[in-house]
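Structure file entry-v1.txt with compact mmCIF, C-alpha atoms and all ligand atoms:
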```
# COMPACT_ATOMS: atom_id res chain seq x y z
CA MET T 1 -40.65 -5.40 -2.73
CA ALA T 2 -37.36 -6.56 -4.23
CA THR T 3 -35.20 -8.53 -1.85
CA CYS T 4 -31.57 -9.41 -1.95
CA GLU T 5 -31.05 -13.17 -1.60
CA LYS T 6 -27.72 -12.88 0.13
CA VAL T 7 -24.70 -10.68 0.43
CA GLU T 8 -21.11 -11.81 0.12
CA TYR T 9 -18.52 -10.77 2.71
CA ARG T 10 -14.89 -10.44 1.69
CA PHE T 11 -11.61 -9.76 3.48
CA LEU T 12 -10.48 -6.15 3.14
CA GLY T 13 -7.20 -6.83 1.33
CA ARG T 14 -4.68 -8.63 3.50
CA SER T 15 -6.38 -7.42 6.67
CA GLY T 16 -8.51 -9.75 8.78
CA LEU T 17 -11.55 -7.46 8.48
CA LYS T 18 -14.59 -8.71 6.56
CA VAL T 19 -16.82 -6.30 4.66
CA SER T 20 -19.89 -6.78 2.48
CA ASN T 21 -18.92 -6.65 -1.20
CA ILE T 22 -21.34 -3.73 -1.65
CA CYS T 23 -20.38 -0.68 0.40
CA LEU T 24 -22.84 2.19 0.93
CA GLY T 25 -21.35 5.48 -0.28
CA THR T 26 -22.81 8.52 1.48
CA MET T 27 -21.48 11.45 -0.55
CA THR T 28 -25.11 12.47 -1.26
CA PHE T 29 -26.12 12.60 2.44
CA GLY T 30 -26.64 16.15 3.67
CA GLY T 31 -26.13 19.04 1.30
CA SER T 32 -24.21 22.29 1.18
CA ASP T 33 -23.78 25.38 -0.96
CA ASP T 34 -20.14 24.48 -1.47
CA ASP T 35 -18.78 24.51 -5.02
CA VAL T 36 -19.19 20.72 -5.38
CA ALA T 37 -22.38 20.39 -7.42
CA VAL T 38 -23.34 16.91 -6.13
CA TYR T 39 -23.97 18.39 -2.66
CA GLN T 40 -26.60 20.69 -4.19
CA CYS T 41 -28.35 18.05 -6.31
CA PRO T 42 -32.11 17.86 -5.55
CA THR T 43 -31.86 14.05 -5.21
CA ARG T 44 -29.50 14.29 -2.20
CA SER T 45 -30.75 12.81 1.09
CA ASP T 46 -31.77 14.73 4.19
CA GLU T 47 -31.39 13.00 7.56
CA ASP T 48 -34.71 11.11 7.46
CA LYS T 49 -34.24 9.79 3.93
CA ALA T 50 -30.60 8.89 4.66
CA HIS T 51 -31.64 6.89 7.75
CA THR T 52 -34.24 5.01 5.72
CA ILE T 53 -31.55 4.15 3.15
CA LEU T 54 -29.10 3.08 5.88
CA ASN T 55 -31.75 0.87 7.52
CA ARG T 56 -32.63 -0.86 4.26
CA TYR T 57 -28.95 -1.35 3.42
CA ARG T 58 -28.44 -3.08 6.80
CA GLU T 59 -31.59 -5.20 6.39
CA LEU T 60 -30.18 -6.49 3.12
CA GLY T 61 -26.93 -7.52 4.82
CA GLY T 62 -24.63 -4.56 4.04
CA ASN T 63 -22.14 -3.76 6.80
CA PHE T 64 -19.72 -1.30 5.14
CA ILE T 65 -20.39 2.48 5.06
CA ASP T 66 -18.14 5.01 3.32
CA THR T 67 -18.07 8.73 4.12
CA ALA T 68 -15.55 11.60 4.28
CA ASN T 69 -14.99 14.68 6.44
CA LYS T 70 -15.44 16.65 3.21
CA TYR T 71 -18.92 15.35 2.24
CA SER T 72 -21.18 18.36 2.76
CA TYR T 73 -18.54 19.64 5.22
CA GLY T 74 -19.22 17.02 7.88
CA LYS T 75 -23.01 16.72 7.40
CA SER T 76 -22.71 13.25 5.89
CA GLU T 77 -20.71 12.07 8.94
CA SER T 78 -23.18 13.73 11.34
CA ILE T 79 -26.15 12.02 9.65
CA ILE T 80 -24.37 8.66 9.93
CA GLY T 81 -23.51 9.46 13.57
CA SER T 82 -27.13 10.04 14.61
CA TRP T 83 -28.00 6.68 13.03
CA LEU T 84 -24.89 4.80 14.24
CA GLU T 85 -25.52 5.57 17.91
CA LYS T 86 -28.76 3.55 17.67
CA GLN T 87 -26.98 0.54 16.06
CA LYS T 88 -24.81 -2.23 17.40
CA ARG T 89 -21.52 -0.47 16.62
CA ASP T 90 -19.51 -3.69 16.28
CA GLN T 91 -21.78 -4.91 13.45
CA VAL T 92 -20.87 -2.00 11.18
CA VAL T 93 -17.62 -1.08 9.43
CA VAL T 94 -17.25 2.69 9.00
CA ALA T 95 -14.79 4.27 6.57
CA SER T 96 -14.01 7.99 6.39
CA LYS T 97 -11.42 10.23 4.73
CA VAL T 98 -9.13 13.16 5.35
CA ARG T 99 -7.21 15.56 3.08
CA PHE T 100 -9.50 18.21 1.55
CA PRO T 101 -9.77 21.69 3.11
CA MET T 102 -12.33 21.90 5.92
CA ASP T 103 -12.04 25.58 6.85
CA LYS T 104 -10.84 28.02 4.23
CA SER T 105 -9.96 30.58 6.93
CA ASN T 106 -7.42 28.19 8.50
CA VAL T 107 -4.27 27.35 6.48
CA ASN T 108 -3.73 24.25 8.63
CA ALA T 109 -7.20 22.75 8.22
CA VAL T 110 -6.15 20.80 5.13
CA GLY T 111 -3.84 18.05 3.94
CA LEU T 112 -2.10 14.99 5.28
CA SER T 113 0.05 16.67 7.91
CA ARG T 114 0.28 15.10 11.37
CA ARG T 115 -1.60 18.04 12.87
CA HIS T 116 -4.52 18.11 10.43
CA MET T 117 -4.89 14.33 10.27
CA ILE T 118 -5.23 14.08 14.06
CA GLU T 119 -7.58 17.06 14.33
CA SER T 120 -9.67 15.85 11.42
CA CYS T 121 -9.87 12.31 12.82
CA GLU T 122 -11.04 13.67 16.20
CA ALA T 123 -13.67 15.85 14.51
CA SER T 124 -14.87 12.87 12.43
CA LEU T 125 -15.12 10.71 15.57
CA SER T 126 -17.23 13.33 17.27
CA ARG T 127 -19.58 13.75 14.26
CA LEU T 128 -19.84 9.98 13.85
CA ARG T 129 -20.57 9.62 17.59
CA THR T 130 -18.17 6.72 17.95
CA ASN T 131 -14.75 6.17 19.49
CA TYR T 132 -13.13 4.48 16.51
CA ILE T 133 -13.17 4.63 12.71
CA ASP T 134 -12.61 1.27 11.04
CA LEU T 135 -10.87 2.59 7.94
CA LEU T 136 -9.43 6.09 7.57
CA GLN T 137 -8.41 6.95 4.01
CA ALA T 138 -6.18 9.63 2.53
CA HIS T 139 -8.63 11.25 0.07
CA ILE T 140 -5.86 12.24 -2.39
CA TRP T 141 -2.07 12.54 -2.32
CA ASP T 142 -0.64 15.64 -0.58
CA ASN T 143 2.38 17.19 -2.31
CA GLY T 144 3.00 19.45 0.68
CA VAL T 145 3.80 16.80 3.30
CA PRO T 146 6.53 14.14 3.47
CA LEU T 147 4.93 10.75 3.06
CA GLU T 148 6.81 9.52 6.16
CA GLU T 149 4.86 12.04 8.29
CA THR T 150 1.53 10.86 6.89
CA LEU T 151 2.27 7.16 7.24
CA ARG T 152 3.63 7.54 10.79
CA THR T 153 0.45 9.44 11.74
CA PHE T 154 -1.82 6.74 10.32
CA ASP T 155 0.20 4.22 12.34
CA ASP T 156 -0.08 6.32 15.52
CA LEU T 157 -3.85 6.65 15.02
CA ILE T 158 -4.07 2.86 14.75
CA ARG T 159 -1.86 2.30 17.79
CA CYS T 160 -3.89 4.67 19.98
CA GLY T 161 -7.13 3.01 18.89
CA LYS T 162 -8.74 5.93 17.04
CA ILE T 163 -8.72 4.02 13.77
CA ARG T 164 -8.38 0.32 12.98
CA TYR T 165 -6.89 0.37 9.45
CA PHE T 166 -5.77 2.91 6.89
CA GLY T 167 -6.29 3.19 3.15
CA VAL T 168 -5.69 5.64 0.32
CA SER T 169 -7.79 7.01 -2.51
CA ASN T 170 -7.12 8.57 -5.91
CA PHE T 171 -3.40 7.66 -5.80
CA CYS T 172 -1.36 6.85 -8.89
CA GLY T 173 0.91 3.83 -9.31
CA TRP T 174 4.24 5.20 -8.06
CA GLN T 175 2.51 6.75 -5.04
CA MET T 176 0.89 3.40 -4.15
CA GLN T 177 4.18 1.57 -4.49
CA LYS T 178 5.93 4.17 -2.34
CA VAL T 179 3.30 3.78 0.40
CA ALA T 180 3.67 -0.01 0.28
CA GLU T 181 7.49 0.10 0.44
CA LEU T 182 7.81 2.82 3.08
CA THR T 183 5.42 1.15 5.52
CA LYS T 184 7.55 -2.01 5.27
CA LEU T 185 10.81 -0.09 5.65
CA MET T 186 9.52 1.88 8.64
CA GLY T 187 7.84 -1.14 10.26
CA LEU T 188 4.41 0.50 10.17
CA ASN T 189 0.93 -0.92 9.72
CA PRO T 190 0.35 -1.57 5.99
CA VAL T 191 -2.08 0.16 3.67
CA VAL T 192 -5.09 -2.14 3.23
CA SER T 193 -7.16 -0.50 0.49
CA LEU T 194 -7.25 1.80 -2.52
CA GLN T 195 -10.54 3.62 -3.19
CA GLN T 196 -10.42 4.53 -6.87
CA GLN T 197 -12.79 5.56 -9.63
CA TYR T 198 -13.46 2.35 -11.56
CA SER T 199 -16.30 1.32 -13.86
CA LEU T 200 -17.02 0.15 -17.40
CA LEU T 201 -16.56 3.84 -18.30
CA CYS T 202 -13.35 4.46 -16.34
CA ARG T 203 -10.61 1.84 -16.55
CA GLN T 204 -7.36 3.85 -16.44
CA SER T 205 -6.28 2.42 -13.07
CA GLU T 206 -6.03 -1.06 -14.56
CA TRP T 207 -2.72 -0.10 -16.18
CA GLU T 208 -0.73 0.70 -13.06
CA GLU T 209 -2.46 1.15 -9.70
CA PHE T 210 -4.26 -2.20 -9.72
CA MET T 211 -0.99 -3.95 -10.61
CA VAL T 212 0.44 -2.59 -7.35
CA CYS T 213 -2.68 -3.67 -5.45
CA ARG T 214 -2.50 -7.19 -6.89
CA ASN T 215 1.18 -7.48 -6.03
CA GLU T 216 0.89 -6.02 -2.53
CA GLY T 217 -2.45 -7.52 -1.46
CA ILE T 218 -4.28 -4.19 -1.34
CA ALA T 219 -8.09 -4.23 -1.76
CA VAL T 220 -9.61 -2.09 -4.52
CA LEU T 221 -12.82 -0.24 -3.57
CA PRO T 222 -14.30 1.20 -6.81
CA TRP T 223 -16.11 4.53 -6.47
CA SER T 224 -18.69 5.83 -8.98
CA PRO T 225 -19.36 2.27 -10.20
CA LEU T 226 -22.27 3.58 -12.30
CA LYS T 227 -20.41 6.70 -13.45
CA GLY T 228 -22.81 8.93 -11.55
CA GLY T 229 -25.85 6.94 -12.76
CA LEU T 230 -25.01 6.80 -16.48
CA LEU T 231 -24.58 3.03 -16.23
CA SER T 232 -27.94 2.52 -14.53
CA GLY T 233 -29.74 2.32 -17.87
CA LYS T 234 -32.26 5.03 -16.93
CA TYR T 235 -30.98 7.56 -19.48
CA LYS T 236 -32.28 7.30 -23.03
CA ARG T 237 -30.59 8.55 -26.18
CA ASP T 238 -33.42 10.86 -27.23
CA GLU T 239 -34.56 12.12 -23.82
CA THR T 240 -33.13 15.02 -21.83
CA PRO T 241 -32.42 13.81 -18.26
CA ASP T 242 -34.71 15.30 -15.63
CA PRO T 243 -32.91 17.97 -13.52
CA LEU T 244 -35.14 17.41 -10.48
CA THR T 245 -34.97 13.64 -10.22
CA THR T 246 -31.51 12.71 -11.55
CA ARG T 247 -27.90 13.78 -10.93
CA ILE T 248 -27.01 13.80 -14.63
CA GLY T 249 -30.10 15.94 -15.39
CA PHE T 250 -29.20 18.39 -12.63
CA ILE T 251 -25.64 18.80 -13.94
CA HIS T 252 -26.99 19.18 -17.48
CA THR T 253 -28.56 22.50 -16.42
CA ASP T 254 -25.04 23.90 -15.91
CA GLU T 255 -22.40 21.65 -17.41
CA LYS T 256 -19.61 23.90 -16.11
CA LYS T 257 -20.24 22.03 -12.84
CA ALA T 258 -19.54 18.63 -14.41
CA LEU T 259 -17.11 16.36 -12.52
CA SER T 260 -16.12 12.74 -12.84
CA VAL T 261 -18.91 11.90 -10.34
CA ALA T 262 -21.37 14.09 -12.23
CA PRO T 263 -20.51 13.79 -15.92
CA ALA T 264 -21.85 16.09 -18.63
CA TRP T 265 -24.73 14.55 -20.57
CA SER T 266 -23.48 16.24 -23.77
CA LYS T 267 -20.33 14.09 -23.58
CA TYR T 268 -22.35 10.87 -23.78
CA ARG T 269 -25.59 11.80 -25.60
CA ASP T 270 -24.06 11.45 -29.08
CA ASN T 271 -21.27 9.05 -28.18
CA GLU T 272 -21.76 5.87 -30.23
CA GLU T 273 -19.19 3.93 -28.20
CA PHE T 274 -21.23 4.61 -25.03
CA TRP T 275 -24.53 3.46 -26.60
CA LYS T 276 -22.85 0.34 -27.99
CA LEU T 277 -21.65 -0.48 -24.48
CA MET T 278 -25.17 0.10 -23.13
CA ASP T 279 -26.56 -2.33 -25.73
CA VAL T 280 -24.06 -5.02 -24.70
CA ILE T 281 -24.86 -4.53 -20.98
CA GLY T 282 -28.58 -4.59 -21.81
CA LYS T 283 -28.31 -7.94 -23.63
CA ILE T 284 -26.35 -9.53 -20.78
CA ALA T 285 -28.85 -8.16 -18.26
CA ALA T 286 -31.69 -9.74 -20.28
CA ASN T 287 -29.83 -13.11 -20.39
CA HIS T 288 -29.79 -13.20 -16.59
CA GLY T 289 -33.09 -11.46 -15.83
CA LYS T 290 -31.08 -8.68 -14.12
CA THR T 291 -31.00 -4.90 -14.47
CA ILE T 292 -28.36 -2.87 -16.27
CA ALA T 293 -27.06 -1.43 -12.97
CA GLN T 294 -26.69 -4.94 -11.56
CA VAL T 295 -24.58 -6.07 -14.55
CA ALA T 296 -22.36 -2.96 -14.36
CA ILE T 297 -21.72 -3.61 -10.63
CA ARG T 298 -21.34 -7.36 -11.09
CA TRP T 299 -18.63 -6.76 -13.74
CA LEU T 300 -16.64 -4.91 -11.07
CA LEU T 301 -17.22 -7.60 -8.43
CA GLN T 302 -15.79 -10.23 -10.78
CA GLN T 303 -12.47 -8.35 -11.12
CA ASP T 304 -9.82 -10.14 -9.05
CA VAL T 305 -8.56 -7.00 -7.27
CA VAL T 306 -11.99 -5.67 -6.28
CA CYS T 307 -13.11 -6.22 -2.69
CA SER T 308 -16.22 -4.06 -2.29
CA VAL T 309 -18.01 -1.67 -4.66
CA VAL T 310 -18.78 1.77 -3.19
CA MET T 311 -22.26 2.45 -4.57
CA GLY T 312 -24.29 5.61 -4.31
CA ALA T 313 -28.08 5.54 -3.95
CA THR T 314 -30.73 8.21 -3.55
CA SER T 315 -33.64 5.87 -2.79
CA VAL T 316 -34.47 2.52 -1.24
CA GLN T 317 -35.32 1.20 -4.72
CA GLN T 318 -31.77 1.96 -5.92
CA ILE T 319 -30.29 0.17 -2.87
CA GLU T 320 -32.42 -2.88 -3.58
CA ASP T 321 -31.52 -2.81 -7.27
CA ASN T 322 -27.77 -2.44 -6.72
CA MET T 323 -27.43 -4.94 -3.89
CA GLU T 324 -28.87 -7.66 -6.06
CA ALA T 325 -25.47 -7.62 -7.80
CA SER T 326 -23.79 -8.91 -4.64
CA ALA T 327 -24.14 -12.69 -4.83
CA GLY T 328 -26.00 -15.71 -6.15
CA TRP T 329 -25.23 -15.28 -9.85
CA GLN T 330 -22.28 -14.74 -12.19
CA ILE T 331 -21.65 -13.07 -15.51
CA THR T 332 -20.17 -15.82 -17.71
CA GLU T 333 -16.57 -15.71 -18.94
CA GLU T 334 -17.79 -15.10 -22.49
CA GLU T 335 -20.00 -12.19 -21.33
CA MET T 336 -17.10 -10.73 -19.32
CA LYS T 337 -15.09 -10.72 -22.57
CA GLN T 338 -17.93 -8.97 -24.40
CA LEU T 339 -18.11 -6.27 -21.71
CA ASP T 340 -14.34 -5.93 -21.76
CA ALA T 341 -14.34 -5.43 -25.51
CA ALA T 342 -17.25 -2.96 -25.53
CA SER T 343 -16.00 -0.77 -22.70
CA PRO T 344 -13.76 2.08 -23.89
CA ARG T 345 -10.13 1.70 -22.81
CA VAL T 346 -7.41 4.15 -23.72
CA THR T 347 -4.08 2.47 -24.36
CA TYR T 348 -1.14 4.48 -23.11
CA TYR T 349 2.53 3.96 -23.90
CA PRO T 350 4.41 2.06 -22.42
CA TYR T 351 1.66 -0.09 -20.90
CA GLU T 352 0.50 -1.56 -24.20
CA MET T 353 4.08 -2.58 -25.03
CA ILE T 354 4.63 -4.11 -21.57
CA TRP T 355 1.36 -6.05 -21.82
CA ASN T 356 1.94 -7.27 -25.36
CA LEU T 357 5.52 -8.40 -24.79
CA ASN T 358 4.90 -10.12 -21.45
CA GLY T 359 2.35 -12.75 -22.40
CA PRO T 360 1.40 -15.83 -20.37
CA ASP T 361 4.71 -17.56 -21.35
CA ARG T 362 6.60 -14.97 -19.26
CA PHE T 363 4.55 -15.52 -16.10
CA ASN T 364 6.68 -17.16 -13.41
CA PRO T 365 4.75 -17.65 -10.17
CA PHE T 366 8.05 -17.99 -8.24
CA ASN T 367 9.11 -14.53 -9.39
CA ASN T 368 6.01 -12.41 -9.17
CA SER T 369 2.37 -12.43 -8.39
CA VAL T 370 1.38 -10.01 -11.13
CA LYS T 371 -0.12 -11.94 -14.02
CA ILE T 372 -0.25 -9.58 -16.99
N1 LIG J 1 -12.73 8.66 -2.98
C1 LIG J 1 -13.26 9.55 -3.77
O1 LIG J 1 -12.61 10.51 -4.23
C2 LIG J 1 -14.71 9.42 -4.14
C3 LIG J 1 -15.24 10.21 -5.16
C4 LIG J 1 -16.58 10.03 -5.46
C5 LIG J 1 -17.37 9.13 -4.77
N2 LIG J 1 -16.82 8.39 -3.76
C6 LIG J 1 -17.63 7.42 -2.99
O2 LIG J 1 -18.33 6.60 -3.89
C7 LIG J 1 -19.73 6.65 -3.60
C8 LIG J 1 -20.51 6.42 -4.85
O3 LIG J 1 -20.21 7.41 -5.83
P1 LIG J 1 -21.33 7.82 -6.86
O4 LIG J 1 -22.53 8.32 -6.11
O5 LIG J 1 -20.73 8.70 -7.88
O6 LIG J 1 -21.68 6.37 -7.46
P2 LIG J 1 -22.48 5.90 -8.76
O7 LIG J 1 -23.00 4.53 -8.41
O8 LIG J 1 -21.65 6.00 -9.96
O9 LIG J 1 -23.68 6.92 -8.90
C9 LIG J 1 -24.70 6.92 -7.92
C10 LIG J 1 -25.89 7.71 -8.42
O10 LIG J 1 -26.48 7.07 -9.55
C11 LIG J 1 -27.89 7.03 -9.40
N3 LIG J 1 -28.25 5.61 -9.19
C12 LIG J 1 -27.62 4.72 -8.36
N4 LIG J 1 -28.18 3.51 -8.47
C13 LIG J 1 -29.15 3.61 -9.37
C14 LIG J 1 -30.06 2.67 -9.90
N5 LIG J 1 -30.07 1.39 -9.51
N6 LIG J 1 -30.95 3.09 -10.84
C15 LIG J 1 -30.96 4.37 -11.24
N7 LIG J 1 -30.11 5.33 -10.78
C16 LIG J 1 -29.21 4.93 -9.84
C17 LIG J 1 -28.21 7.91 -8.20
O11 LIG J 1 -28.28 9.27 -8.60
P3 LIG J 1 -29.65 10.02 -9.00
O12 LIG J 1 -30.78 9.30 -8.34
O13 LIG J 1 -29.43 11.41 -8.49
O14 LIG J 1 -29.69 9.99 -10.49
C18 LIG J 1 -26.97 7.76 -7.36
O15 LIG J 1 -26.75 8.81 -6.45
C19 LIG J 1 -19.90 8.02 -2.94
O16 LIG J 1 -21.07 8.09 -2.15
C20 LIG J 1 -18.66 8.08 -2.10
O17 LIG J 1 -18.83 7.35 -0.91
C21 LIG J 1 -15.50 8.52 -3.45
```
Reformat the file's structure so that it appears as structure tokens.
Ligand SMILES: NC(=O)c1ccc[n+]([C@@H]2O[C@H](COP(=O)([O-])OP(=O)(O)OC[C@H]3O[C@@H](n4cnc5c(N)ncnc54)[C@H](OP(=O)(O)O)[C@@H]3O)[C@@H](O)[C@H]2O)c1
Amino acid sequence: MATCEKVEYRFLGRSGLKVSNICLGTMTFGGSDDDVAVYQCPTRSDEDKAHTILNRYRELGGNFIDTANKYSYGKSESIIGSWLEKQKRDQVVVASKVRFPMDKSNVNAVGLSRRHMIESCEASLSRLRTNYIDLLQAHIWDNGVPLEETLRTFDDLIRCGKIRYFGVSNFCGWQMQKVAELTKLMGLNPVVSLQQQYSLLCRQSEWEEFMVCRNEGIAVLPWSPLKGGLLSGKYKRDETPDPLTTRIGFIHTDEKKALSVAPAWSKYRDNEEFWKLMDVIGKIAANHGKTIAQVAIRWLLQQDVVCSVVMGATSVQQIEDNMEASAGWQITEEEMKQLDAASPRVTYYPYEMIWNLNGPDRFNPFNNSVKI
């Protein structure tokens, strides 16, 4: 059986909380007939399988578990709850989220309003069978609510002990900066983390959001580090992915259901840039005696803004494979450059201009902490 030598623990941004640099994502725990295709995927985990995965993750040193009220409409949280009550609660760091609609018949069961945030947090606590959530995250921005209301509510939840820290997810640059500034202006607890899609196949947040994180000391928690499994190396150019044993294969049966977490196979099957990237990852994996998934995750862990990678796994083997990326080895600087060059990156105006015209000679450590 594969074992993980050791796991690295890192501070969650500027907070004093330490988390393992591999976080266990639990979006595939449970299942529901909801419109989100991942919840229907045959590889999802029922309670028994999920508990086996959680146990193995803990045995290997992981202490950080990510869920959301939305995942299978609370089933993911309930499955974690029935496991958590048998654990030493203080050894585990639990993150959840709020924002998406939880009851379509109730116009108030959605969003980042004071009322829904408090109700949702209380419902999450009851499903998780605990009296505090370590990190509560805004799942996406809410256009309908003043940010002051949301930030004050996060602060109140911290002050009354229902949550320990707050973070955000899927925010863009100006939204992040606004959160950072307003919490300072209002004297509130700061935002500690940004959970964002980030992988060798999704690098858009490097342009803006991660600049804010670097400057403000906010931890980046990449989600879909393997782009739904595409970066695991298990898919082959001339083979149709299996719909019963893989997420990509399941989505391939009805690509109208494709999402960023469940990409369409047809988008990658004939994409030369993707296969070139896979070749580069494959060579680096061979240099180190590692797997393709481990290199893809390691690349993220060697980014300065990244704190912990939120991985998904549908079996113990995947947990063991992915956690081997945590510590004890490094991708070399030269290999990092090769991965950087091979991974597709769209250059938007004005970022390219800002980057090109602010080279190392314009970096003044007394002025700013953002090294472009
Ligand atoms: N904040 C947000 O909006 C947001 C959005 C999405 C996800 N997330 C979080 O991020 C977590 C991870 O997302 P994700 O599941 O999309 O991550 P991912 O790592 O990109 O994909 C995980 C999937 O890839 C396959 N896989 C994983 N490791 C493998 C390995 N070593 N070898 C072969 N196949 C492997 C498994 O699917 P199959 O076995 O089915 O092929 C697994 O479910 C979620 O659980 C959730 O906590 C957050």
Check the smallest atom-to-atom distance from each of T:Tyr349, T:Asp238, T:Val306, T:Ile292 to Cys213 of chain T using only C-alpha atoms, then report the winner.
->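 Comparing T:Tyr349, T:Asp238, T:Val306, T:Ile292 against Cys213 of chain T, the winner is T:Val306.
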Produce the centre coordinates and the three edge lengths, each in Å to one decimal, of the box along x, y and z that contains all listed atoms of segment 156-164 of chain T with 6 Å added on each side, as lines of an AutoDock Vina configuration file.
```
center_x = -4.4
center_y = 3.5
center_z = 16.5
size_x = 20.7
size_y = 18.3
size_z = 19.0
```
Taken to one decimal, the atom CA of Thr28 of chain T-atom CA of Val309 of chain T distance is 16.2 Å
Residues within 9 Å of Cys172 of chain T, only C-alpha atoms, excluding chain neighbours under 4 positions, as a PDB file with C-alpha atoms, in the frame of the given file:
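Written output follows (selection24.pdb):
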```
ATOM      1  CA  TRP T 141      -2.070  12.540  -2.320  1.00  0.00           C
ATOM      2  CA  MET T 176       0.890   3.400  -4.150  1.00  0.00           C
ATOM      3  CA  GLN T 177       4.180   1.570  -4.490  1.00  0.00           C
ATOM      4  CA  SER T 205      -6.280   2.420 -13.070  1.00  0.00           C
ATOM      5  CA  GLU T 208      -0.730   0.700 -13.060  1.00  0.00           C
ATOM      6  CA  GLU T 209      -2.460   1.150  -9.700  1.00  0.00           C
TER       7      GLU T 209
END
```
Could you tell me, counting all atoms listed in the file, which protein and nucleic acid residues lie no more than 7 Å from ligand LIG 1 (chain J), written as a PDB file with C-alpha atoms, in the frame of the given file?
```pdb
ATOM      1  CA  LEU T  24     -22.840   2.190   0.930  1.00  0.00           C
ATOM      2  CA  GLY T  25     -21.350   5.480  -0.280  1.00  0.00           C
ATOM      3  CA  THR T  26     -22.810   8.520   1.480  1.00  0.00           C
ATOM      4  CA  MET T  27     -21.480  11.450  -0.550  1.00  0.00           C
ATOM      5  CA  THR T  28     -25.110  12.470  -1.260  1.00  0.00           C
ATOM      6  CA  THR T  43     -31.860  14.050  -5.210  1.00  0.00           C
ATOM      7  CA  ARG T  44     -29.500  14.290  -2.200  1.00  0.00           C
ATOM      8  CA  ASP T  66     -18.140   5.010   3.320  1.00  0.00           C
ATOM      9  CA  THR T  67     -18.070   8.730   4.120  1.00  0.00           C
ATOM     10  CA  HIS T 139      -8.630  11.250   0.070  1.00  0.00           C
ATOM     11  CA  SER T 169      -7.790   7.010  -2.510  1.00  0.00           C
ATOM     12  CA  ASN T 170      -7.120   8.570  -5.910  1.00  0.00           C
ATOM     13  CA  GLN T 195     -10.540   3.620  -3.190  1.00  0.00           C
ATOM     14  CA  GLN T 196     -10.420   4.530  -6.870  1.00  0.00           C
ATOM     15  CA  GLN T 197     -12.790   5.560  -9.630  1.00  0.00           C
ATOM     16  CA  TRP T 223     -16.110   4.530  -6.470  1.00  0.00           C
ATOM     17  CA  SER T 224     -18.690   5.830  -8.980  1.00  0.00           C
ATOM     18  CA  PRO T 225     -19.360   2.270 -10.200  1.00  0.00           C
ATOM     19  CA  LEU T 226     -22.270   3.580 -12.300  1.00  0.00           C
ATOM     20  CA  LYS T 227     -20.410   6.700 -13.450  1.00  0.00           C
ATOM     21  CA  GLY T 228     -22.810   8.930 -11.550  1.00  0.00           C
ATOM     22  CA  GLY T 229     -25.850   6.940 -12.760  1.00  0.00           C
ATOM     23  CA  SER T 232     -27.940   2.520 -14.530  1.00  0.00           C
ATOM     24  CA  LYS T 234     -32.260   5.030 -16.930  1.00  0.00           C
ATOM     25  CA  THR T 245     -34.970  13.640 -10.220  1.00  0.00           C
ATOM     26  CA  THR T 246     -31.510  12.710 -11.550  1.00  0.00           C
ATOM     27  CA  ARG T 247     -27.900  13.780 -10.930  1.00  0.00           C
ATOM     28  CA  ILE T 248     -27.010  13.800 -14.630  1.00  0.00           C
ATOM     29  CA  VAL T 261     -18.910  11.900 -10.340  1.00  0.00           C
ATOM     30  CA  ALA T 262     -21.370  14.090 -12.230  1.00  0.00           C
ATOM     31  CA  ALA T 293     -27.060  -1.430 -12.970  1.00  0.00           C
ATOM     32  CA  VAL T 310     -18.780   1.770  -3.190  1.00  0.00           C
ATOM     33  CA  MET T 311     -22.260   2.450  -4.570  1.00  0.00           C
ATOM     34  CA  GLY T 312     -24.290   5.610  -4.310  1.00  0.00           C
ATOM     35  CA  ALA T 313     -28.080   5.540  -3.950  1.00  0.00           C
ATOM     36  CA  THR T 314     -30.730   8.210  -3.550  1.00  0.00           C
ATOM     37  CA  GLN T 318     -31.770   1.960  -5.920  1.00  0.00           C
ATOM     38  CA  ILE T 319     -30.290   0.170  -2.870  1.00  0.00           C
ATOM     39  CA  ASP T 321     -31.520  -2.810  -7.270  1.00  0.00           C
ATOM     40  CA  ASN T 322     -27.770  -2.440  -6.720  1.00  0.00           C
TER      41      ASN T 322
END
```
Given all atoms listed in the file as the counted atoms, nearest of T:Met278, T:Ala68, T:Ile251, T:Leu301 to Ser266 of chain T |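 Nearest to Ser266 of chain T: T:Ile251.
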Nearest candidate to Arg298 of chain T (options T:Ser20, T:Ser326, T:Thr183, T:Asn271; using all atoms listed in the file) =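 Nearest candidate to Arg298 of chain T out of T:Ser20, T:Ser326, T:Thr183, T:Asn271: T:Ser326.
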Enter the distance from atom CA of Asp155 of chain T to atom CA of Ser120 of chain T, in Å, rounded to one decimal.
-> 15.3 Å
